[in-house]
file work_7.txt (compact mmCIF, C-alpha atoms)
# COMPACT_ATOMS: atom_id res chain seq x y z
CA MET L 1 130.29 118.95 35.53
CA TRP L 2 127.86 117.38 37.96
CA LEU L 3 125.81 115.94 35.12
CA PHE L 4 128.94 114.58 33.47
CA ILE L 5 129.85 112.98 36.78
CA LEU L 6 126.40 111.44 37.07
CA SER L 7 126.66 109.85 33.62
CA ASP L 8 130.20 108.68 34.27
CA THR L 9 129.06 107.11 37.55
CA LEU L 10 126.59 105.03 35.59
CA THR L 11 129.22 104.02 33.02
CA PHE L 12 131.59 102.80 35.68
CA SER L 13 128.93 101.10 37.78
CA ALA L 14 127.67 99.22 34.73
CA MET L 15 131.20 98.14 33.89
CA LEU L 16 131.96 97.00 37.42
CA LEU L 17 128.68 95.11 37.66
CA ALA L 18 129.38 93.45 34.31
CA TYR L 19 132.86 92.53 35.52
CA SER L 20 131.49 90.98 38.71
CA TYR L 21 128.84 89.09 36.80
CA ILE L 22 131.22 87.70 34.19
CA ARG L 23 133.56 86.77 36.97
CA LEU L 24 130.88 84.79 38.78
CA ALA L 25 129.77 83.12 35.57
CA ASN L 26 133.23 81.81 34.76
CA PRO L 27 134.81 79.21 37.02
CA GLY L 28 138.59 79.44 37.02
CA TRP L 29 138.65 83.22 36.80
CA PRO L 30 142.30 84.29 36.92
CA ARG L 31 143.48 85.74 40.22
CA PRO L 32 146.82 87.30 39.44
CA PHE L 33 146.77 89.72 42.35
CA GLU L 34 148.90 88.36 45.14
CA ILE L 35 149.21 90.26 48.41
CA TYR L 36 152.69 91.17 47.32
CA PRO L 37 153.43 92.90 44.98
CA ALA L 38 150.01 93.59 43.38
CA ILE L 39 147.92 94.40 46.46
CA ALA L 40 150.76 96.30 48.11
CA LYS L 41 151.25 98.32 44.94
CA SER L 42 147.57 99.04 44.38
CA THR L 43 147.20 100.05 48.04
CA THR L 44 150.04 102.52 47.54
CA MET L 45 148.28 103.80 44.43
CA THR L 46 145.06 104.20 46.42
CA ILE L 47 146.83 106.20 49.12
CA ILE L 48 148.52 108.39 46.49
CA LEU L 49 145.18 109.11 44.86
CA LEU L 50 143.58 109.90 48.23
CA PHE L 51 146.49 112.16 49.02
CA SER L 52 146.06 114.01 45.72
CA SER L 53 142.40 114.53 46.62
CA LEU L 54 143.49 116.18 49.85
CA THR L 55 145.89 118.52 48.02
CA MET L 56 143.11 119.27 45.52
CA VAL L 57 140.72 120.25 48.29
CA LEU L 58 143.38 122.49 49.82
CA GLY L 59 143.96 124.01 46.37
CA VAL L 60 140.27 124.82 45.97
CA ALA L 61 140.20 126.32 49.47
CA ALA L 62 143.25 128.46 48.65
CA ALA L 63 141.60 129.59 45.41
CA HIS L 64 138.53 130.69 47.37
CA ARG L 65 140.79 132.69 49.67
CA ASN L 66 142.17 134.32 46.49
CA ASP L 67 145.60 132.97 47.34
CA ARG L 68 146.71 132.28 43.78
CA LYS L 69 150.23 131.20 44.58
CA ALA L 70 149.20 128.58 47.13
CA ALA L 71 146.38 127.34 44.89
CA VAL L 72 148.72 126.82 41.94
CA ARG L 73 151.18 125.01 44.19
CA TRP L 74 148.48 122.65 45.48
CA LEU L 75 147.20 122.07 41.93
CA LEU L 76 150.71 121.10 40.83
CA PHE L 77 151.04 118.73 43.80
CA THR L 78 147.74 117.15 42.81
CA ALA L 79 148.88 116.71 39.20
CA LEU L 80 152.08 115.15 40.51
CA GLY L 81 150.04 112.66 42.55
CA GLY L 82 148.01 111.78 39.47
CA LEU L 83 151.18 111.32 37.46
CA ALA L 84 152.64 109.03 40.14
CA PHE L 85 149.44 106.99 40.02
CA VAL L 86 149.64 106.60 36.24
CA VAL L 87 153.32 105.62 36.38
CA LEU L 88 152.75 103.00 39.10
CA HIS L 89 149.73 101.63 37.29
CA THR L 90 151.71 101.38 34.05
CA THR L 91 154.47 99.40 35.74
CA GLU L 92 151.80 97.07 37.10
CA TRP L 93 150.35 96.60 33.62
CA ILE L 94 153.81 95.86 32.26
CA ASN L 95 154.29 93.20 34.96
CA LEU L 96 150.99 91.64 33.96
CA PHE L 97 151.99 91.68 30.30
CA HIS L 98 155.17 89.82 31.21
CA GLU L 99 153.12 87.25 33.10
CA GLY L 100 151.07 86.68 29.96
CA TYR L 101 148.00 88.77 30.82
CA THR L 102 147.02 90.94 27.87
CA PRO L 103 143.71 92.50 26.85
CA TRP L 104 143.05 89.53 24.58
CA SER L 105 144.55 86.53 26.39
CA THR L 106 145.58 85.11 29.73
CA PRO L 107 147.72 82.10 30.63
CA GLN L 108 144.53 80.31 31.73
CA GLY L 109 142.89 80.90 28.36
CA MET L 110 140.36 83.38 29.78
CA PRO L 111 140.47 86.39 27.45
CA LEU L 112 137.41 87.83 29.22
CA PHE L 113 139.59 88.63 32.21
CA GLY L 114 142.03 90.60 30.09
CA ALA L 115 139.28 92.43 28.26
CA THR L 116 137.37 93.46 31.39
CA PHE L 117 140.36 94.16 33.64
CA PHE L 118 142.26 96.23 31.12
CA GLY L 119 139.04 97.83 29.90
CA ILE L 120 138.01 99.08 33.33
CA THR L 121 141.45 100.05 34.65
CA GLY L 122 142.31 101.50 31.25
CA LEU L 123 139.23 103.68 31.20
CA HIS L 124 140.04 104.82 34.71
CA MET L 125 143.66 105.49 33.79
CA LEU L 126 142.44 107.54 30.82
CA HIS L 127 140.38 109.61 33.27
CA VAL L 128 143.42 110.14 35.49
CA THR L 129 145.58 111.12 32.51
CA ILE L 130 143.00 113.60 31.27
CA GLY L 131 142.71 114.86 34.84
CA VAL L 132 146.45 115.52 35.07
CA ILE L 133 146.34 117.51 31.82
CA TYR L 134 143.24 119.36 33.06
CA LEU L 135 144.98 120.24 36.33
CA LEU L 136 148.12 121.45 34.59
CA VAL L 137 146.05 123.67 32.28
CA MET L 138 144.15 124.89 35.33
CA ALA L 139 147.34 125.63 37.26
CA TRP L 140 148.69 127.59 34.32
CA GLY L 141 145.43 129.41 33.61
CA TYR L 142 144.66 130.22 37.23
CA GLY L 143 148.23 131.36 37.83
CA SER L 144 148.02 133.75 34.89
CA GLU L 145 144.55 134.96 35.98
CA LYS L 146 142.73 133.55 32.97
CA PHE L 147 140.52 131.37 35.16
CA ASP L 148 138.86 132.17 38.46
CA ALA L 149 138.27 130.23 41.66
CA ASP L 150 135.06 128.66 40.39
CA ASP L 151 136.93 127.07 37.49
CA VAL L 152 139.38 125.56 39.95
CA GLU L 153 136.46 124.25 41.95
CA VAL L 154 134.98 122.52 38.90
CA SER L 155 138.31 120.87 38.11
CA GLY L 156 138.30 119.75 41.76
CA LEU L 157 134.93 118.06 41.24
CA TYR L 158 136.34 116.12 38.32
CA TRP L 159 139.43 115.09 40.24
CA HIS L 160 137.54 113.90 43.32
CA PHE L 161 135.30 111.88 41.06
CA VAL L 162 138.29 110.09 39.53
CA ASP L 163 139.41 109.32 43.07
CA LEU L 164 135.93 108.10 43.96
CA VAL L 165 135.79 105.69 41.01
CA TRP L 166 139.05 104.13 42.12
CA MET L 167 137.54 103.63 45.58
CA PHE L 168 135.23 101.12 43.90
CA VAL L 169 137.62 99.65 41.30
CA PHE L 170 140.22 98.85 43.96
CA PRO L 171 138.07 96.67 46.25
CA MET L 172 135.97 95.12 43.50
CA ILE L 173 138.86 94.02 41.30
CA TYR L 174 141.92 93.79 43.54
CA LEU L 175 140.63 92.94 46.98
CA MET L 176 137.86 90.66 45.72
CA SER L 177 140.54 88.63 43.98
CA ILE L 178 139.80 85.77 46.41
CA LYS L 179 138.78 82.20 45.93
CA LEU L 180 135.06 81.88 45.42
CA MET M 1 135.92 136.89 48.57
CA SER M 2 137.12 137.06 52.14
CA THR M 3 133.54 137.13 53.42
CA ASN M 4 132.79 133.57 52.38
CA ALA M 5 136.12 132.10 53.37
CA ASN M 6 134.70 130.21 56.27
CA GLY M 7 131.45 128.62 55.21
CA SER M 8 129.14 131.47 56.10
CA GLU M 9 127.50 131.86 52.69
CA GLY M 10 127.32 130.50 49.18
CA HIS M 11 129.27 127.35 48.50
CA ALA M 12 132.17 128.14 50.74
CA VAL M 13 133.75 125.11 52.15
CA GLY M 14 134.92 123.45 55.35
CA SER M 15 138.15 124.14 57.16
CA THR M 16 141.51 122.49 56.61
CA ARG M 17 140.97 120.69 59.89
CA LEU M 18 137.71 119.19 58.63
CA PHE M 19 139.37 118.07 55.40
CA LEU M 20 142.16 116.41 57.33
CA ILE M 21 139.69 114.57 59.56
CA VAL M 22 137.72 113.34 56.53
CA TRP M 23 140.94 112.32 54.83
CA VAL M 24 142.17 110.35 57.85
CA TRP M 25 138.84 108.52 57.88
CA LEU M 26 139.20 107.69 54.18
CA VAL M 27 142.69 106.30 54.70
CA ALA M 28 141.55 104.35 57.77
CA ILE M 29 138.68 102.75 55.85
CA THR M 30 141.04 101.89 52.99
CA GLY M 31 143.40 100.30 55.49
CA PHE M 32 140.56 98.25 56.91
CA GLU M 33 139.55 97.11 53.42
CA VAL M 34 143.08 95.94 52.71
CA PHE M 35 143.10 94.17 56.08
CA LEU M 36 139.92 92.37 55.00
CA GLY M 37 141.88 91.18 51.96
CA TYR M 38 144.22 89.32 54.32
CA GLU M 39 141.39 87.73 56.28
CA ARG M 40 139.86 84.84 54.43
CA LEU M 41 136.21 85.69 54.94
CA GLU M 42 133.20 84.19 53.22
CA PRO M 43 133.02 85.74 49.74
CA GLN M 44 129.49 87.06 50.26
CA LEU M 45 130.32 88.67 53.59
CA MET M 46 133.51 90.11 52.15
CA LEU M 47 131.73 91.53 49.12
CA ALA M 48 129.01 93.05 51.28
CA LEU M 49 131.56 94.62 53.63
CA LEU M 50 133.68 96.00 50.81
CA VAL M 51 130.74 97.52 48.96
CA ALA M 52 129.36 99.02 52.17
CA LEU M 53 132.72 100.52 53.12
CA SER M 54 133.24 101.87 49.61
CA LEU M 55 129.82 103.50 49.69
CA VAL M 56 130.76 105.17 52.98
CA LYS M 57 133.96 106.44 51.36
CA ALA M 58 132.06 107.67 48.31
CA ALA M 59 129.62 109.50 50.56
CA LEU M 60 132.48 111.15 52.46
CA ILE M 61 134.20 112.24 49.25
CA VAL M 62 131.03 113.54 47.63
CA SER M 63 129.70 115.38 50.64
CA TYR M 64 132.92 116.95 51.96
CA PHE M 65 135.58 117.01 49.23
CA MET M 66 133.04 117.76 46.51
CA HIS M 67 131.10 119.74 49.17
CA LEU M 68 127.73 118.53 47.97
CA ARG M 69 126.71 118.80 51.60
CA TYR M 70 126.95 122.58 51.37
CA GLU M 71 125.13 122.89 48.05
CA LYS M 72 121.45 123.59 47.46
CA LEU M 73 119.09 120.74 48.22
CA SER M 74 117.80 120.78 44.63
CA LEU M 75 121.24 119.85 43.29
CA VAL M 76 121.38 116.89 45.66
CA LEU M 77 117.93 115.85 44.49
CA ILE M 78 118.97 116.09 40.85
CA LEU M 79 122.04 113.91 41.37
CA VAL M 80 121.56 111.31 44.05
CA PRO M 81 118.11 109.74 43.41
CA PRO M 82 118.70 109.23 39.64
CA ALA M 83 122.06 107.61 40.33
CA ILE M 84 120.54 105.22 42.86
CA PHE M 85 117.58 104.53 40.59
CA CYS M 86 119.68 103.75 37.52
CA ILE M 87 122.08 101.53 39.44
CA CYS M 88 119.10 99.64 40.88
CA MET M 89 117.73 99.21 37.37
CA ILE M 90 121.01 97.67 36.26
CA LEU M 91 121.01 95.47 39.35
CA ILE M 92 117.54 94.16 38.57
CA PHE M 93 118.99 92.41 35.56
CA PHE M 94 122.21 91.25 37.17
CA PHE M 95 121.27 90.38 40.70
CA PRO M 96 119.00 87.30 40.51
CA ASP M 97 121.26 85.48 38.09
CA SER M 98 124.43 86.45 39.97
CA TRP M 99 122.89 85.23 43.18
CA ARG M 100 121.99 81.89 41.60
CA LEU M 101 125.50 81.53 40.20
CA MET M 102 127.01 82.30 43.57
CA GLN M 103 124.86 79.71 45.35
CA MET M 104 125.74 77.11 42.73
CA ARG M 105 129.40 77.91 43.14
CA LEU M 106 129.32 77.60 46.90
CA GLN M 107 127.66 74.19 46.77
CA GLY M 108 129.83 72.84 44.00
call {"tool": "encode", "arguments": {"input": "work_7.txt", "output": "structure tokens"}}
result
Amino acid sequence: MWLFILSDTLTFSAMLLAYSYIRLANPGWPRPFEIYPAIAKSTTMTIILLFSSLTMVLGVAAAHRNDRKAAVRWLLFTALGGLAFVVLHTTEWINLFHEGYTPWSTPQGMPLFGATFFGITGLHMLHVTIGVIYLLVMAWGYGSEKFDADDVEVSGLYWHFVDLVWMFVFPMIYLMSIKL
Amino acid sequence: MSTNANGSEGHAVGSTRLFLIVWVWLVAITGFEVFLGYERLEPQLMLALLVALSLVKAALIVSYFMHLRYEKLSLVLILVPPAIFCICMILIFFFPDSWRLMQMRLQG
């Protein structure tokens, strides 16, 4: 899992660097993220994801205490947090679609924005979705004693990494949406 | 299992209290980043601050939540230097040109 995380780190850092570079190279880069609702919403999403990391860590700790019931409960809370993140993010995407931002076009005629923004956030959302499924499988498997505490710990590594990636996506794409 | 419940051996982890403290720090830093979004700072200063703060958050998550801090040193050495090295290699290609573009933008 650590090696997967290392390679994924490089994928995301390359994508974010490419995004920043393309952004600098194109005057008139779209800035659709107003303080309200986009920043407010993405801040909420950030807090939710951080919160799910906390429940994950408590779940792993419970698993190491051999407290299966508590661990499964924390895992389910974590999956719920991830689900809330995906739902909020989807509503944000739908808003952007309505404003004319799609992966292949923007109102300003800057398809690069759509491609990079939806590419990066989409890849991250895919990670979160897979993470939710992973956690649900883990909650079921650990609850029925198919998996042990170490398996829960590895799923925790994955989940914290998804959180960590968002800690870079959020400032680089949303908060840096300022006039250059 | 009960022997390593409190960080005495193996990869046992911190206490709930420690996790809460780390978590509060993470939320506080996020709050500060959002606050920076309201302030209209110079883009370069803003970018530098945001990246620095995000790196601090990443370090907190990796070392406490992913408890890399409690792992063997060899694992840290396998993971951290290659990541830094590869990201620097990517930056070598991006950075000079980005810097030039940014200067041009600020003058124009």
call {"tool": "atom_distance", "arguments": {"input": "work_7.txt", "atom1": "CA of Thr46 in chain L", "atom2": "CA of Gly31 in chain M"}}
result
10.0 Å
call {"tool": "atom_distance", "arguments": {"input": "work_7.txt", "atom1": "CA of Met110 in chain L", "atom2": "CA of Lys41 in chain L"}}
result
23.9 Å
call {"tool": "residues_near_point", "arguments": {"input": "work_7.txt", "point": "(128.9, 116.8, 52.7)", "cutoff": "12 Å", "atoms": "only C-alpha atoms", "output": "VMD selection string"}}
result
chain M and resid 11 to 14 18 to 19 22 56 to 73 76
call {"tool": "interface_residues", "arguments": {"input": "work_7.txt", "of": "chain M", "to": "chain L", "cutoff": "8 Å", "atoms": "only C-alpha atoms", "output": "PyMOL selection string"}}
result
chain M and resi 1-2+5+12-13+16+19-20+23+26-27+33-34+37-38+43+46-47+50-51+54+57-58+61-62+65-66+79+83+86-87+90-91+94+98+101-102+105-106
call {"tool": "residues_around", "arguments": {"input": "work_7.txt", "residues": "Pro111 in chain L", "least_positions_apart": "2", "cutoff": "12 Å", "atoms": "only C-alpha atoms", "output": "ChimeraX atom specification"}}
result
/L:22-23,26,28-30,100-109,113-119
call {"tool": "axis_aligned_box", "arguments": {"input": "work_7.txt", "around": "range 20-33 of chain M", "padding_each_side": "6 Å", "output": "JSON"}}
result
{"center_x": 140.6, "center_y": 106.8, "center_z": 56.3, "size_x": 17.7, "size_y": 31.3, "size_z": 18.6}
call {"tool": "atom_distance", "arguments": {"input": "work_7.txt", "atom1": "CA of Ile29 in chain M", "atom2": "CA of Val86 in chain L"}}
result
22.8 Å
call {"tool": "residues_around", "arguments": {"input": "work_7.txt", "residues": "range 139-143 of chain L", "least_positions_apart": "5", "cutoff": "7 Å", "atoms": "only C-alpha atoms", "output": "VMD selection string"}}
result
chain L and resid 68 72 75 to 76 148
call {"tool": "decode", "arguments": {"input": "work_7.txt", "residues": "range 21-126 of chain L", "atoms": "C-alpha atoms", "output": "compact mmCIF listing (two decimals), in the first residue's frame"}}
result
# COMPACT_ATOMS: atom_id res chain seq x y z
CA TYR L 21 1.42 25.60 -15.42
CA ILE L 22 -1.40 25.59 -17.95
CA ARG L 23 -3.20 28.07 -15.80
CA LEU L 24 -0.26 30.47 -15.81
CA ALA L 25 0.25 30.03 -19.54
CA ASN L 26 -3.32 31.02 -20.38
CA PRO L 27 -4.49 34.56 -19.69
CA GLY L 28 -8.20 34.72 -18.97
CA TRP L 29 -8.27 31.43 -17.09
CA PRO L 30 -11.84 30.93 -15.84
CA ARG L 31 -12.39 31.59 -12.15
CA PRO L 32 -15.81 30.17 -11.43
CA PHE L 33 -15.21 29.69 -7.72
CA GLU L 34 -16.82 32.53 -5.83
CA ILE L 35 -16.52 32.71 -2.05
CA TYR L 36 -20.13 31.68 -1.92
CA PRO L 37 -21.26 29.05 -2.79
CA ALA L 38 -18.19 27.29 -4.27
CA ILE L 39 -15.57 28.07 -1.61
CA ALA L 40 -18.05 27.62 1.23
CA LYS L 41 -19.08 24.27 -0.21
CA SER L 42 -15.56 23.03 -0.86
CA THR L 43 -14.54 24.11 2.65
CA THR L 44 -17.40 22.04 4.03
CA MET L 45 -16.22 19.14 1.89
CA THR L 46 -12.69 19.57 3.25
CA ILE L 47 -13.93 19.50 6.84
CA ILE L 48 -16.04 16.41 6.12
CA LEU L 49 -13.05 14.62 4.65
CA LEU L 50 -10.86 15.62 7.61
CA PHE L 51 -13.56 14.41 9.94
CA SER L 52 -13.72 11.06 8.16
CA SER L 53 -9.96 10.76 8.61
CA LEU L 54 -10.44 11.21 12.34
CA THR L 55 -13.11 8.49 12.49
CA MET L 56 -10.82 6.26 10.40
CA VAL L 57 -7.96 6.70 12.84
CA LEU L 58 -10.29 5.88 15.74
CA GLY L 59 -11.47 2.82 13.81
CA VAL L 60 -7.91 1.58 13.35
CA ALA L 61 -7.20 2.20 17.04
CA ALA L 62 -10.33 0.24 18.00
CA ALA L 63 -9.27 -2.60 15.69
CA HIS L 64 -5.89 -2.75 17.42
CA ARG L 65 -7.68 -2.99 20.76
CA ASN L 66 -9.61 -5.93 19.24
CA ASP L 67 -12.84 -4.03 19.74
CA ARG L 68 -14.57 -5.26 16.59
CA LYS L 69 -17.90 -3.60 17.22
CA ALA L 70 -16.45 -0.14 17.73
CA ALA L 71 -14.08 -0.55 14.78
CA VAL L 72 -16.92 -1.49 12.42
CA ARG L 73 -18.95 1.47 13.67
CA TRP L 74 -16.08 3.89 13.03
CA LEU L 75 -15.47 2.36 9.60
CA LEU L 76 -19.12 2.91 8.70
CA PHE L 77 -18.93 6.52 9.91
CA THR L 78 -15.88 7.01 7.73
CA ALA L 79 -17.64 5.55 4.69
CA LEU L 80 -20.58 7.85 5.41
CA GLY L 81 -18.22 10.85 5.43
CA GLY L 82 -16.78 9.76 2.10
CA LEU L 83 -20.26 9.35 0.68
CA ALA L 84 -21.24 12.84 1.87
CA PHE L 85 -18.13 14.19 0.16
CA VAL L 86 -19.00 12.52 -3.14
CA VAL L 87 -22.61 13.75 -2.98
CA LEU L 88 -21.57 17.36 -2.25
CA HIS L 89 -18.94 17.25 -4.96
CA THR L 90 -21.47 15.91 -7.46
CA THR L 91 -23.91 18.73 -6.71
CA GLU L 92 -21.05 21.17 -7.27
CA TRP L 93 -20.25 19.56 -10.62
CA ILE L 94 -23.91 19.77 -11.61
CA ASN L 95 -23.91 23.50 -10.76
CA LEU L 96 -20.86 23.97 -12.94
CA PHE L 97 -22.50 22.06 -15.78
CA HIS L 98 -25.47 24.40 -15.55
CA GLU L 99 -23.14 27.39 -15.71
CA GLY L 100 -21.69 25.99 -18.93
CA TYR L 101 -18.51 24.42 -17.55
CA THR L 102 -18.05 20.93 -18.96
CA PRO L 103 -14.96 18.77 -19.46
CA TRP L 104 -14.75 19.99 -23.05
CA SER L 105 -15.92 23.61 -22.96
CA THR L 106 -16.34 26.69 -20.82
CA PRO L 107 -18.31 29.89 -21.38
CA GLN L 108 -14.99 31.69 -21.94
CA GLY L 109 -13.98 29.24 -24.65
CA MET L 110 -11.22 27.68 -22.53
CA PRO L 111 -11.72 23.92 -22.79
CA LEU L 112 -8.38 23.38 -21.02
CA PHE L 113 -9.98 24.51 -17.79
CA GLY L 114 -12.75 21.95 -18.09
CA ALA L 115 -10.35 19.18 -19.03
CA THR L 116 -7.90 19.82 -16.18
CA PHE L 117 -10.44 20.71 -13.48
CA PHE L 118 -12.75 17.79 -14.14
CA GLY L 119 -9.78 15.51 -14.77
CA ILE L 120 -8.15 16.20 -11.42
CA THR L 121 -11.28 16.41 -9.28
CA GLY L 122 -12.73 13.45 -11.16
CA LEU L 123 -9.69 11.31 -10.49
CA HIS L 124 -9.85 12.31 -6.85
CA MET L 125 -13.57 11.58 -6.69
CA LEU L 126 -12.89 8.16 -8.21
